[in-house]
Each structure stands twice: as C-alpha cells, then as structure tokens.
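Trainee: upload_31.cif is reproduced in full below (mmCIF, N, CA and C atoms and all ligand atoms).
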data_entry
#
loop_
_atom_site.label_atom_id
_atom_site.label_comp_id
_atom_site.auth_asym_id
_atom_site.auth_seq_id
_atom_site.Cartn_x
_atom_site.Cartn_y
_atom_site.Cartn_z
N MET A 95 0.85 -1.20 0.00
CA MET A 95 0.00 0.00 0.00
C MET A 95 0.89 1.26 0.00
N THR A 96 0.53 2.20 -0.78
CA THR A 96 1.29 3.47 -0.76
C THR A 96 0.44 4.56 -0.12
N VAL A 97 1.13 5.46 0.53
CA VAL A 97 0.46 6.61 1.15
C VAL A 97 1.07 7.87 0.57
N SER A 98 0.24 8.79 0.17
CA SER A 98 0.77 10.07 -0.33
C SER A 98 0.97 11.01 0.85
N LEU A 99 2.21 11.46 1.00
CA LEU A 99 2.53 12.38 2.10
C LEU A 99 2.72 13.78 1.55
N PHE A 100 2.26 14.74 2.31
CA PHE A 100 2.37 16.15 1.91
C PHE A 100 2.97 16.94 3.06
N ASN A 101 3.78 17.94 2.72
CA ASN A 101 4.21 18.94 3.69
C ASN A 101 3.44 20.22 3.41
N VAL A 102 2.80 20.76 4.40
CA VAL A 102 2.21 22.09 4.23
C VAL A 102 2.84 23.01 5.28
N TRP A 103 2.95 24.26 4.93
CA TRP A 103 3.62 25.18 5.84
C TRP A 103 2.96 26.54 5.85
N LYS A 104 3.19 27.23 6.93
CA LYS A 104 2.70 28.60 7.06
C LYS A 104 3.76 29.41 7.78
N GLU A 105 3.84 30.67 7.44
CA GLU A 105 4.89 31.53 7.97
C GLU A 105 4.29 32.67 8.76
N PHE A 106 4.98 33.08 9.82
CA PHE A 106 4.66 34.37 10.44
C PHE A 106 5.95 35.13 10.68
N ARG A 107 5.80 36.40 10.88
CA ARG A 107 6.97 37.26 11.08
C ARG A 107 6.83 38.00 12.38
N PHE A 108 7.94 38.28 13.01
CA PHE A 108 7.86 39.13 14.20
C PHE A 108 9.15 39.93 14.36
N ASP A 109 9.03 41.00 15.10
CA ASP A 109 10.18 41.84 15.45
C ASP A 109 10.32 41.83 16.95
N ALA A 110 11.55 41.73 17.41
CA ALA A 110 11.75 41.66 18.86
C ALA A 110 13.15 42.10 19.22
N ALA A 111 13.32 42.43 20.50
CA ALA A 111 14.62 42.84 21.02
C ALA A 111 15.20 41.74 21.88
N HIS A 112 16.52 41.73 22.00
CA HIS A 112 17.15 40.78 22.92
C HIS A 112 18.58 41.21 23.25
N GLN A 113 19.15 40.48 24.18
CA GLN A 113 20.56 40.58 24.52
C GLN A 113 21.07 39.16 24.67
N LEU A 114 22.28 38.90 24.21
CA LEU A 114 22.83 37.54 24.34
C LEU A 114 24.19 37.59 25.02
N ASP A 115 24.42 36.65 25.88
CA ASP A 115 25.73 36.49 26.49
C ASP A 115 26.52 35.49 25.66
N ALA A 116 27.55 35.97 24.98
CA ALA A 116 28.31 35.09 24.09
C ALA A 116 29.42 34.35 24.84
N GLY A 117 29.53 34.58 26.13
CA GLY A 117 30.55 33.87 26.90
C GLY A 117 31.92 34.50 26.74
N PRO A 118 32.91 33.97 27.47
CA PRO A 118 34.26 34.55 27.40
C PRO A 118 34.82 34.47 25.98
N GLY A 119 35.31 35.60 25.52
CA GLY A 119 35.87 35.62 24.16
C GLY A 119 34.82 35.80 23.07
N GLY A 120 33.56 35.81 23.47
CA GLY A 120 32.47 35.99 22.50
C GLY A 120 32.33 37.45 22.10
N ASP A 121 31.51 37.69 21.12
CA ASP A 121 31.33 39.05 20.60
C ASP A 121 30.57 39.89 21.63
N PRO A 122 31.23 40.93 22.18
CA PRO A 122 30.56 41.73 23.23
C PRO A 122 29.36 42.52 22.71
N ARG A 123 29.28 42.69 21.38
CA ARG A 123 28.14 43.44 20.83
C ARG A 123 26.83 42.73 21.09
N TYR A 124 26.85 41.42 21.22
CA TYR A 124 25.60 40.67 21.41
C TYR A 124 24.93 41.04 22.73
N ARG A 125 25.75 41.49 23.70
CA ARG A 125 25.22 41.86 25.02
C ARG A 125 24.40 43.15 24.98
N ARG A 126 24.70 44.00 24.00
CA ARG A 126 23.98 45.27 23.92
C ARG A 126 22.54 45.01 23.51
N LEU A 127 21.65 45.83 24.03
CA LEU A 127 20.24 45.70 23.65
C LEU A 127 20.10 46.00 22.16
N HIS A 128 19.55 45.05 21.41
CA HIS A 128 19.36 45.26 19.97
C HIS A 128 18.19 44.41 19.50
N GLY A 129 17.81 44.61 18.24
CA GLY A 129 16.63 43.91 17.75
C GLY A 129 16.86 43.21 16.42
N HIS A 130 15.95 42.29 16.11
CA HIS A 130 15.98 41.58 14.83
C HIS A 130 14.56 41.44 14.30
N SER A 131 14.46 41.27 12.97
CA SER A 131 13.22 40.83 12.35
C SER A 131 13.36 39.34 12.07
N TYR A 132 12.38 38.57 12.54
CA TYR A 132 12.41 37.11 12.39
C TYR A 132 11.29 36.65 11.48
N GLN A 133 11.55 35.58 10.76
CA GLN A 133 10.52 34.88 10.00
C GLN A 133 10.48 33.45 10.54
N VAL A 134 9.30 32.96 10.78
CA VAL A 134 9.14 31.60 11.32
C VAL A 134 8.25 30.80 10.37
N GLU A 135 8.75 29.66 9.90
CA GLU A 135 7.93 28.73 9.11
C GLU A 135 7.59 27.54 9.98
N VAL A 136 6.33 27.14 9.94
CA VAL A 136 5.91 25.93 10.64
C VAL A 136 5.43 24.93 9.59
N TRP A 137 6.04 23.74 9.60
CA TRP A 137 5.74 22.70 8.59
C TRP A 137 5.01 21.55 9.26
N VAL A 138 3.98 21.10 8.61
CA VAL A 138 3.20 19.96 9.09
C VAL A 138 3.23 18.91 7.99
N ARG A 139 3.46 17.65 8.39
CA ARG A 139 3.59 16.57 7.39
C ARG A 139 2.55 15.49 7.64
N GLY A 140 1.92 15.06 6.57
CA GLY A 140 0.99 13.94 6.73
C GLY A 140 0.21 13.66 5.47
N PRO A 141 -0.64 12.67 5.54
CA PRO A 141 -1.53 12.38 4.41
C PRO A 141 -2.72 13.35 4.42
N ARG A 142 -3.45 13.38 3.36
CA ARG A 142 -4.67 14.19 3.34
C ARG A 142 -5.77 13.50 4.15
N THR A 143 -6.53 14.29 4.84
CA THR A 143 -7.70 13.76 5.53
C THR A 143 -8.85 13.67 4.52
N GLU A 144 -10.00 13.27 5.02
CA GLU A 144 -11.20 13.19 4.17
C GLU A 144 -11.57 14.54 3.57
N PHE A 145 -11.03 15.64 4.18
CA PHE A 145 -11.34 16.99 3.67
C PHE A 145 -10.39 17.42 2.56
N GLY A 146 -9.40 16.58 2.29
CA GLY A 146 -8.49 16.89 1.19
C GLY A 146 -7.30 17.72 1.60
N TRP A 147 -7.13 17.95 2.92
CA TRP A 147 -5.96 18.70 3.36
C TRP A 147 -5.26 17.96 4.48
N VAL A 148 -4.00 18.33 4.70
CA VAL A 148 -3.24 17.76 5.82
C VAL A 148 -3.74 18.39 7.11
N VAL A 149 -3.86 19.70 7.07
CA VAL A 149 -4.39 20.46 8.20
C VAL A 149 -5.08 21.69 7.61
N ASP A 150 -6.13 22.11 8.24
CA ASP A 150 -6.83 23.32 7.80
C ASP A 150 -5.93 24.53 8.05
N MET A 151 -5.62 25.27 6.99
CA MET A 151 -4.75 26.45 7.13
C MET A 151 -5.35 27.47 8.11
N GLY A 152 -6.67 27.49 8.19
CA GLY A 152 -7.32 28.42 9.13
C GLY A 152 -6.96 28.06 10.57
N GLU A 153 -6.94 26.75 10.85
CA GLU A 153 -6.56 26.31 12.19
C GLU A 153 -5.09 26.62 12.46
N LEU A 154 -4.26 26.35 11.45
CA LEU A 154 -2.82 26.66 11.60
C LEU A 154 -2.62 28.15 11.86
N GLU A 155 -3.35 28.96 11.14
CA GLU A 155 -3.21 30.41 11.31
C GLU A 155 -3.58 30.84 12.73
N ARG A 156 -4.66 30.27 13.25
CA ARG A 156 -5.07 30.63 14.62
C ARG A 156 -3.98 30.24 15.63
N ARG A 157 -3.40 29.08 15.44
CA ARG A 157 -2.34 28.64 16.35
C ARG A 157 -1.10 29.55 16.24
N LEU A 158 -0.78 29.95 15.02
CA LEU A 158 0.42 30.78 14.83
C LEU A 158 0.20 32.19 15.36
N GLN A 159 -1.04 32.65 15.29
CA GLN A 159 -1.33 33.98 15.83
C GLN A 159 -1.05 34.03 17.33
N ALA A 160 -1.36 32.94 18.01
CA ALA A 160 -1.13 32.89 19.46
C ALA A 160 0.37 32.91 19.76
N VAL A 161 1.16 32.19 18.97
CA VAL A 161 2.62 32.18 19.18
C VAL A 161 3.20 33.56 18.82
N HIS A 162 2.68 34.12 17.75
CA HIS A 162 3.12 35.46 17.34
C HIS A 162 2.93 36.47 18.48
N ALA A 163 1.79 36.36 19.14
CA ALA A 163 1.51 37.30 20.25
C ALA A 163 2.49 37.11 21.40
N ASP A 164 3.00 35.90 21.57
CA ASP A 164 3.99 35.65 22.63
C ASP A 164 5.35 36.28 22.32
N LEU A 165 5.63 36.53 21.03
CA LEU A 165 6.98 36.91 20.63
C LEU A 165 7.10 38.34 20.07
N ASP A 166 6.06 38.80 19.39
CA ASP A 166 6.18 40.05 18.63
C ASP A 166 6.30 41.27 19.54
N HIS A 167 7.27 42.13 19.22
CA HIS A 167 7.53 43.36 19.98
C HIS A 167 7.74 43.07 21.46
N ARG A 168 8.43 41.98 21.74
CA ARG A 168 8.78 41.62 23.12
C ARG A 168 10.28 41.80 23.31
N PHE A 169 10.64 41.90 24.58
CA PHE A 169 12.04 41.74 24.98
C PHE A 169 12.19 40.24 25.25
N LEU A 170 12.84 39.53 24.31
CA LEU A 170 12.79 38.06 24.32
C LEU A 170 13.41 37.45 25.58
N ASN A 171 14.34 38.18 26.21
CA ASN A 171 14.94 37.65 27.44
C ASN A 171 13.92 37.49 28.55
N ASP A 172 12.80 38.20 28.44
CA ASP A 172 11.76 38.15 29.48
C ASP A 172 10.64 37.16 29.16
N VAL A 173 10.71 36.50 28.02
CA VAL A 173 9.63 35.57 27.65
C VAL A 173 9.82 34.26 28.42
N ASP A 174 8.79 33.85 29.15
CA ASP A 174 8.87 32.63 29.96
C ASP A 174 9.18 31.42 29.08
N ASP A 175 10.01 30.54 29.59
CA ASP A 175 10.30 29.24 28.97
C ASP A 175 11.07 29.34 27.65
N LEU A 176 11.62 30.51 27.35
CA LEU A 176 12.39 30.64 26.10
C LEU A 176 13.87 30.36 26.33
N GLY A 177 14.38 30.83 27.45
CA GLY A 177 15.82 30.67 27.69
C GLY A 177 16.59 31.73 26.94
N PRO A 178 17.93 31.61 26.85
CA PRO A 178 18.71 32.59 26.09
C PRO A 178 18.13 32.69 24.68
N PRO A 179 17.75 33.90 24.25
CA PRO A 179 16.94 34.03 23.03
C PRO A 179 17.73 33.91 21.73
N THR A 180 18.25 32.74 21.48
CA THR A 180 18.87 32.41 20.20
C THR A 180 17.79 31.92 19.23
N MET A 181 18.15 31.84 17.95
CA MET A 181 17.20 31.26 16.98
C MET A 181 16.87 29.82 17.35
N GLU A 182 17.87 29.11 17.85
CA GLU A 182 17.65 27.72 18.25
C GLU A 182 16.57 27.63 19.33
N ASN A 183 16.70 28.49 20.34
CA ASN A 183 15.72 28.43 21.43
C ASN A 183 14.35 28.95 21.00
N ILE A 184 14.34 29.90 20.06
CA ILE A 184 13.04 30.36 19.54
C ILE A 184 12.36 29.22 18.80
N ALA A 185 13.14 28.47 18.01
CA ALA A 185 12.55 27.33 17.28
C ALA A 185 11.99 26.30 18.26
N ALA A 186 12.75 26.00 19.32
CA ALA A 186 12.27 25.02 20.30
C ALA A 186 11.03 25.53 21.03
N PHE A 187 10.99 26.84 21.29
CA PHE A 187 9.84 27.45 21.96
C PHE A 187 8.59 27.31 21.09
N VAL A 188 8.74 27.62 19.80
CA VAL A 188 7.59 27.52 18.88
C VAL A 188 7.12 26.06 18.82
N TRP A 189 8.07 25.15 18.75
CA TRP A 189 7.72 23.72 18.71
C TRP A 189 6.89 23.34 19.94
N THR A 190 7.35 23.76 21.10
CA THR A 190 6.67 23.41 22.35
C THR A 190 5.24 23.95 22.36
N LYS A 191 5.07 25.14 21.83
CA LYS A 191 3.73 25.76 21.81
C LYS A 191 2.78 25.01 20.89
N LEU A 192 3.33 24.28 19.91
CA LEU A 192 2.48 23.63 18.90
C LEU A 192 2.53 22.11 18.99
N VAL A 193 3.16 21.61 20.05
CA VAL A 193 3.50 20.18 20.10
C VAL A 193 2.27 19.28 20.06
N ASP A 194 1.13 19.80 20.45
CA ASP A 194 -0.10 18.98 20.42
C ASP A 194 -0.65 18.83 18.99
N MET A 195 -0.08 19.58 18.04
CA MET A 195 -0.59 19.47 16.66
C MET A 195 -0.11 18.18 16.03
N PRO A 196 -1.00 17.35 15.55
CA PRO A 196 -0.56 16.12 14.94
C PRO A 196 0.32 16.42 13.71
N GLN A 197 1.36 15.65 13.57
CA GLN A 197 2.23 15.71 12.40
C GLN A 197 3.03 17.01 12.27
N LEU A 198 3.21 17.71 13.38
CA LEU A 198 4.15 18.83 13.36
C LEU A 198 5.50 18.28 12.92
N HIS A 199 6.11 18.91 11.92
CA HIS A 199 7.28 18.29 11.29
C HIS A 199 8.55 19.11 11.42
N ARG A 200 8.42 20.41 11.29
CA ARG A 200 9.63 21.22 11.19
C ARG A 200 9.30 22.66 11.56
N VAL A 201 10.19 23.29 12.30
CA VAL A 201 10.07 24.72 12.58
C VAL A 201 11.35 25.38 12.09
N MET A 202 11.18 26.39 11.32
CA MET A 202 12.33 27.10 10.72
C MET A 202 12.27 28.55 11.21
N VAL A 203 13.34 29.01 11.83
CA VAL A 203 13.44 30.41 12.26
C VAL A 203 14.51 31.07 11.41
N LYS A 204 14.16 32.19 10.78
CA LYS A 204 15.11 32.83 9.87
C LYS A 204 15.28 34.31 10.21
N ARG A 205 16.48 34.80 9.95
CA ARG A 205 16.70 36.25 9.93
C ARG A 205 17.23 36.53 8.54
N GLN A 206 16.30 36.75 7.65
CA GLN A 206 16.66 36.84 6.23
C GLN A 206 17.61 37.99 5.95
N GLN A 207 17.42 39.08 6.69
CA GLN A 207 18.30 40.24 6.46
C GLN A 207 19.76 39.88 6.69
N ASN A 208 19.98 38.90 7.57
CA ASN A 208 21.35 38.49 7.88
C ASN A 208 21.74 37.21 7.15
N GLY A 209 20.81 36.67 6.36
CA GLY A 209 21.11 35.44 5.62
C GLY A 209 21.40 34.27 6.53
N GLU A 210 20.57 34.10 7.59
CA GLU A 210 20.85 33.02 8.54
C GLU A 210 19.55 32.47 9.09
N GLY A 211 19.64 31.26 9.62
CA GLY A 211 18.43 30.65 10.15
C GLY A 211 18.72 29.38 10.90
N CYS A 212 17.68 28.80 11.45
CA CYS A 212 17.79 27.56 12.22
C CYS A 212 16.59 26.68 11.93
N GLU A 213 16.87 25.42 11.68
CA GLU A 213 15.84 24.45 11.34
C GLU A 213 15.73 23.46 12.50
N TYR A 214 14.51 23.13 12.92
CA TYR A 214 14.35 22.24 14.09
C TYR A 214 13.29 21.20 13.79
N TYR A 215 13.61 19.96 14.15
CA TYR A 215 12.71 18.83 13.90
C TYR A 215 12.18 18.21 15.18
N GLY A 216 12.26 18.94 16.28
CA GLY A 216 11.72 18.42 17.53
C GLY A 216 12.72 17.56 18.25
N PRO A 217 12.38 17.19 19.49
CA PRO A 217 13.29 16.36 20.27
C PRO A 217 13.51 15.01 19.62
N GLN A 218 14.73 14.59 19.54
CA GLN A 218 15.06 13.29 18.96
C GLN A 218 15.65 12.41 20.06
N PHE A 219 15.46 11.12 19.92
CA PHE A 219 15.96 10.22 20.95
C PHE A 219 17.34 9.69 20.58
N ALA A 220 18.25 10.63 20.32
CA ALA A 220 19.62 10.23 19.97
C ALA A 220 20.49 10.37 21.21
N GLU A 221 21.48 9.47 21.34
CA GLU A 221 22.37 9.54 22.48
C GLU A 221 23.13 10.85 22.44
N GLY A 222 23.21 11.53 23.57
CA GLY A 222 23.93 12.79 23.63
C GLY A 222 23.12 13.98 23.18
N ALA A 223 21.89 13.74 22.69
CA ALA A 223 21.06 14.88 22.22
C ALA A 223 20.55 15.63 23.42
N GLN A 224 20.28 16.95 23.22
CA GLN A 224 19.74 17.76 24.31
C GLN A 224 18.33 18.20 23.98
N1 LIG A 301 23.81 29.92 16.38
C1 LIG A 301 23.47 31.20 16.68
N2 LIG A 301 24.42 32.13 16.74
C2 LIG A 301 24.09 33.39 17.03
C3 LIG A 301 22.76 33.73 17.26
C4 LIG A 301 21.78 32.71 17.22
O1 LIG A 301 20.58 32.94 17.42
N3 LIG A 301 22.17 31.45 16.93
N4 LIG A 301 22.45 35.00 17.51
C5 LIG A 301 23.32 35.96 17.57
C6 LIG A 301 22.89 37.36 17.90
O2 LIG A 301 21.49 37.46 17.85
C7 LIG A 301 23.51 38.45 17.08
O3 LIG A 301 22.90 39.67 17.42
C8 LIG A 301 23.36 38.19 15.61
O4 LIG A 301 23.82 39.28 14.92
P1 LIG A 301 24.06 39.23 13.36
O5 LIG A 301 23.87 40.57 12.87
O6 LIG A 301 23.29 38.12 12.75
O7 LIG A 301 25.50 38.75 13.30
P2 LIG A 301 26.72 39.67 13.18
O8 LIG A 301 26.63 40.72 14.23
O9 LIG A 301 27.89 38.79 13.22
O10 LIG A 301 26.50 40.25 11.73
P3 LIG A 301 27.12 41.56 11.14
O11 LIG A 301 26.51 41.67 9.78
O12 LIG A 301 28.57 41.31 11.14
O13 LIG A 301 26.71 42.68 12.05
C9 LIG A 301 24.74 35.70 17.37
N5 LIG A 301 25.03 34.34 17.08
ZN ZN A 302 20.89 39.47 18.18
#
How would this structure read if it were set down as structure tokens?
Ligand SMILES: Nc1nc2c(c(=O)[nH]1)N=C([C@H](O)[C@H](O)COP(=O)(O)OP(=O)(O)OP(=O)(O)O)CN2
Ligand SMILES: [Zn+2]
Mentor:
Amino acid sequence: MTVSLFNVWKEFRFDAAHQLDAGPGGDPRYRRLHGHSYQVEVWVRGPRTEFGWVVDMGELERRLQAVHADLDHRFLNDVDDLGPPTMENIAAFVWTKLVDMPQLHRVMVKRQQNGEGCEYYGPQFAEGAQ
C-alpha cells in the first residue's frame, strides 16, 4: 500500500529585542540591547484527511497567531520558557507551543536580512542529544 505524504507550511513574522551572552571571548556586541526581524515557518507533514488537506490552514493560522503574540515586539529575554533568546531556542519554543498538533514536522526560524536561520525537527531520541 502506498500513502501520499504532503508537507504544508505557514509563515509568520515578528520583530523583537534581545541581549545575548556570548561567553568569554564571544562578541561583546551581542550583550547590547538590539533587535531583529524574524521569519518563522511551521511545517506539518501527513496524508490528506477526508477533507483533502493535511491540516486546515485556518486552524494553523489561529495557532500561529497565538505564538506570534507571545513573541512580537517583546524583549525576548523576558519571555517565559524561552531561555537565552537564540534562533535555536526560539525554534524550540515555537515547537513546544504547537507540540499537540498532529504531524508537526519542522520549525524554521530565519533572519533573512542576515542570511541566517535555524531548522528544528523536535526532540530526537539520539544519544547525547539535548
Ligand atoms: N547559532 C546562533 N548564533 C548566534 C545567534 C543565534 O541565534 N544562533 N544570535 C546571535 C545574535 O542574535 C547576534 O545579534 C546576531 O547578529 P548578526 O547581525 O546576525 O551577526 P553579526 O553581528 O555577526 O552580523 P554583522 O553583519 O557582522 O553585524 C549571534 N550568534
Ligand atoms: Zn541578536
């Protein structure tokens, strides 16, 4: 038997401020209060349901609006459960907020202006993984 799998995704954008401790020898500029524009893609993977979609985009949009409200125009260091506000931790935060969604597949956090980003596939059961 074959199953047709689809990835569907939706993006939101937010602007926020942060400070990062780069540790000894790290770039001291990261400690200064500064801001970034972020783009977040949320990917869901699965077969089509009886309705012909993997997930209703309207439902995805409602879920992303809630996460957007947690992050947009915030001082990210003050956001509960985020930790040091790196792209990696933002991706993990978004994942945690959506973890109840069936077939959540990938969270991508990008800072396009800087040509950089982070891709996250959720917690994996690999030895040594965090
Ligand atoms: N792996 C990661 N490394 C770094 C992150 C991160 O989230 N994950 N974040 C930062 C800081 O947010 C820093 O402010 C990023 O600044 P950016 O402008 O992207 O980098 P530079 O200052 O090096 O770029 P310039 O164009 O040279 O100003 C750092 N590292
Ligand atoms: Zn920064």
Trainee: How would you write, as an NGL selection string, the set of residues no farther than 6.5 Å from ligand ZN 302 (chain A) when counting only N, CA and C atoms and all ligand atoms?
Mentor: :A and (112-114 or 124 or 128-130)
Trainee: Of the residues A:Glu105, A:Thr180, A:Tyr214, A:Leu192, which is the one nearest to A:Gln133, using only N, CA and C atoms?
Mentor: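 Smallest distance to A:Gln133 is found for A:Glu105.
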Trainee: As lines of an AutoDock Vina configuration file, please: the centre and edge lengths in Å, to one decimal, of an axis-aligned box enclosing every listed atom of stretch 177-189 of chain A with 5 Å added on each side.
Mentor:
center_x = 12.9
center_y = 28.7
center_z = 22.3
size_x = 22.0
size_y = 20.7
size_z = 20.7
Trainee: At a cut-off of 8 Å, using all atoms listed in the file, what residues contact stretch 159-166 of chain A? Leave out same-chain residues fewer than 4 positions from it and give the result as a PyMOL selection string.
Mentor: chain A and resi 106-111+153-155+170+173+187-188+191-192
Trainee: Using atom CA of A:Glu135 and atom CA of A:Gly211 as the two end points, give the distance in Å to one decimal.
Mentor: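 For atom CA of A:Glu135 relative to atom CA of A:Gly211, the distance reads 10.7 Å.
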Trainee: What separation in Å, quoted to one decimal, exists between atom CA of A:Val148 and atom CA of A:Gly216?
Mentor: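 Rounded to one decimal, the two atoms are 19.0 Å apart.
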Trainee: Tell me which of A:Met202, A:Val97, A:Val138, A:Met181 sits closest to ligand LIG 301 (chain A), counting all atoms listed in the file.
Mentor: A:Met181
Trainee: Enumerate as a PyMOL selection string the residues within 12 Å of ligand LIG 301 (chain A), counting only C-alpha atoms and all ligand atoms.
Mentor: chain A and resi 110-117+120-132+170-171+177-186+203-213
Trainee: Store the residues picked out above in a file with N, CA and C atoms, as a compact mmCIF listing (two decimals), in the coordinates of the input.
Mentor:
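As a result, selection.txt now contains:
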# COMPACT_ATOMS: atom_id res chain seq x y z
N ALA A 110 11.55 41.73 17.41
CA ALA A 110 11.75 41.66 18.86
C ALA A 110 13.15 42.10 19.22
N ALA A 111 13.32 42.43 20.50
CA ALA A 111 14.62 42.84 21.02
C ALA A 111 15.20 41.74 21.88
N HIS A 112 16.52 41.73 22.00
CA HIS A 112 17.15 40.78 22.92
C HIS A 112 18.58 41.21 23.25
N GLN A 113 19.15 40.48 24.18
CA GLN A 113 20.56 40.58 24.52
C GLN A 113 21.07 39.16 24.67
N LEU A 114 22.28 38.90 24.21
CA LEU A 114 22.83 37.54 24.34
C LEU A 114 24.19 37.59 25.02
N ASP A 115 24.42 36.65 25.88
CA ASP A 115 25.73 36.49 26.49
C ASP A 115 26.52 35.49 25.66
N ALA A 116 27.55 35.97 24.98
CA ALA A 116 28.31 35.09 24.09
C ALA A 116 29.42 34.35 24.84
N GLY A 117 29.53 34.58 26.13
CA GLY A 117 30.55 33.87 26.90
C GLY A 117 31.92 34.50 26.74
N GLY A 120 33.56 35.81 23.47
CA GLY A 120 32.47 35.99 22.50
C GLY A 120 32.33 37.45 22.10
N ASP A 121 31.51 37.69 21.12
CA ASP A 121 31.33 39.05 20.60
C ASP A 121 30.57 39.89 21.63
N PRO A 122 31.23 40.93 22.18
CA PRO A 122 30.56 41.73 23.23
C PRO A 122 29.36 42.52 22.71
N ARG A 123 29.28 42.69 21.38
CA ARG A 123 28.14 43.44 20.83
C ARG A 123 26.83 42.73 21.09
N TYR A 124 26.85 41.42 21.22
CA TYR A 124 25.60 40.67 21.41
C TYR A 124 24.93 41.04 22.73
N ARG A 125 25.75 41.49 23.70
CA ARG A 125 25.22 41.86 25.02
C ARG A 125 24.40 43.15 24.98
N ARG A 126 24.70 44.00 24.00
CA ARG A 126 23.98 45.27 23.92
C ARG A 126 22.54 45.01 23.51
N LEU A 127 21.65 45.83 24.03
CA LEU A 127 20.24 45.70 23.65
C LEU A 127 20.10 46.00 22.16
N HIS A 128 19.55 45.05 21.41
CA HIS A 128 19.36 45.26 19.97
C HIS A 128 18.19 44.41 19.50
N GLY A 129 17.81 44.61 18.24
CA GLY A 129 16.63 43.91 17.75
C GLY A 129 16.86 43.21 16.42
N HIS A 130 15.95 42.29 16.11
CA HIS A 130 15.98 41.58 14.83
C HIS A 130 14.56 41.44 14.30
N SER A 131 14.46 41.27 12.97
CA SER A 131 13.22 40.83 12.35
C SER A 131 13.36 39.34 12.07
N TYR A 132 12.38 38.57 12.54
CA TYR A 132 12.41 37.11 12.39
C TYR A 132 11.29 36.65 11.48
N LEU A 170 12.84 39.53 24.31
CA LEU A 170 12.79 38.06 24.32
C LEU A 170 13.41 37.45 25.58
N ASN A 171 14.34 38.18 26.21
CA ASN A 171 14.94 37.65 27.44
C ASN A 171 13.92 37.49 28.55
N GLY A 177 14.38 30.83 27.45
CA GLY A 177 15.82 30.67 27.69
C GLY A 177 16.59 31.73 26.94
N PRO A 178 17.93 31.61 26.85
CA PRO A 178 18.71 32.59 26.09
C PRO A 178 18.13 32.69 24.68
N PRO A 179 17.75 33.90 24.25
CA PRO A 179 16.94 34.03 23.03
C PRO A 179 17.73 33.91 21.73
N THR A 180 18.25 32.74 21.48
CA THR A 180 18.87 32.41 20.20
C THR A 180 17.79 31.92 19.23
N MET A 181 18.15 31.84 17.95
CA MET A 181 17.20 31.26 16.98
C MET A 181 16.87 29.82 17.35
N GLU A 182 17.87 29.11 17.85
CA GLU A 182 17.65 27.72 18.25
C GLU A 182 16.57 27.63 19.33
N ASN A 183 16.70 28.49 20.34
CA ASN A 183 15.72 28.43 21.43
C ASN A 183 14.35 28.95 21.00
N ILE A 184 14.34 29.90 20.06
CA ILE A 184 13.04 30.36 19.54
C ILE A 184 12.36 29.22 18.80
N ALA A 185 13.14 28.47 18.01
CA ALA A 185 12.55 27.33 17.28
C ALA A 185 11.99 26.30 18.26
N ALA A 186 12.75 26.00 19.32
CA ALA A 186 12.27 25.02 20.30
C ALA A 186 11.03 25.53 21.03
N VAL A 203 13.34 29.01 11.83
CA VAL A 203 13.44 30.41 12.26
C VAL A 203 14.51 31.07 11.41
N LYS A 204 14.16 32.19 10.78
CA LYS A 204 15.11 32.83 9.87
C LYS A 204 15.28 34.31 10.21
N ARG A 205 16.48 34.80 9.95
CA ARG A 205 16.70 36.25 9.93
C ARG A 205 17.23 36.53 8.54
N GLN A 206 16.30 36.75 7.65
CA GLN A 206 16.66 36.84 6.23
C GLN A 206 17.61 37.99 5.95
N GLN A 207 17.42 39.08 6.69
CA GLN A 207 18.30 40.24 6.46
C GLN A 207 19.76 39.88 6.69
N ASN A 208 19.98 38.90 7.57
CA ASN A 208 21.35 38.49 7.88
C ASN A 208 21.74 37.21 7.15
N GLY A 209 20.81 36.67 6.36
CA GLY A 209 21.11 35.44 5.62
C GLY A 209 21.40 34.27 6.53
N GLU A 210 20.57 34.10 7.59
CA GLU A 210 20.85 33.02 8.54
C GLU A 210 19.55 32.47 9.09
N GLY A 211 19.64 31.26 9.62
CA GLY A 211 18.43 30.65 10.15
C GLY A 211 18.72 29.38 10.90
N CYS A 212 17.68 28.80 11.45
CA CYS A 212 17.79 27.56 12.22
C CYS A 212 16.59 26.68 11.93
N GLU A 213 16.87 25.42 11.68
CA GLU A 213 15.84 24.45 11.34
C GLU A 213 15.73 23.46 12.50
Trainee: Please report the interatomic distance between atom C of A:Met95 and atom C of A:Trp137 in Å with one decimal.
Mentor: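 Separation of atom C of A:Met95 and atom C of A:Trp137: 22.7 Å.
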Trainee: Using the chain letters and numbers from this document, which residues of chain A does DSSP assign to alpha helix (DSSP H), as a list in words?
Mentor: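 So the alpha helix (DSSP H) residues in chain A would be Met151, Gly152, Glu153, Leu154, Glu155, Arg156, Arg157, Leu158, Gln159, Ala160, Val161, His162, Ala163, Asp164, Leu165, Met181, Glu182, Asn183, Ile184, Ala185, Ala186, Phe187, Val188, Trp189, Thr190, Lys191 and Leu192 of chain A.
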Trainee: Apply DSSP to the backbone of this structure and, from stretch 159-217 of chain A, keep only the residues in strand (DSSP E); write these as JSON, numbers by chain.
Mentor: {"A": [198, 199, 200, 201, 202, 203, 204, 205, 210, 211, 212, 213, 214]}
Trainee: Select from stretch 110-155 of chain A every residue with an atom at most 6 Å from any atom of stretch 100-103 of chain A, then for each give the shortest pair of atoms and their distance in Å to one decimal, using only N, CA and C atoms, rows by chain and rising number, as a Markdown table.
Mentor:
| residue | atom | partner | partner_atom | distance |
| --- | --- | --- | --- | --- |
| A:Val136 | C | A:Trp103 | CA | 4.2 |
| A:Trp137 | CA | A:Trp103 | CA | 4.3 |
| A:Val138 | N | A:Val102 | C | 4.0 |
| A:Arg139 | CA | A:Phe100 | C | 4.4 |
| A:Gly140 | C | A:Phe100 | N | 3.9 |
| A:Pro141 | N | A:Phe100 | N | 4.8 |
| A:Arg142 | N | A:Phe100 | N | 6.0 |
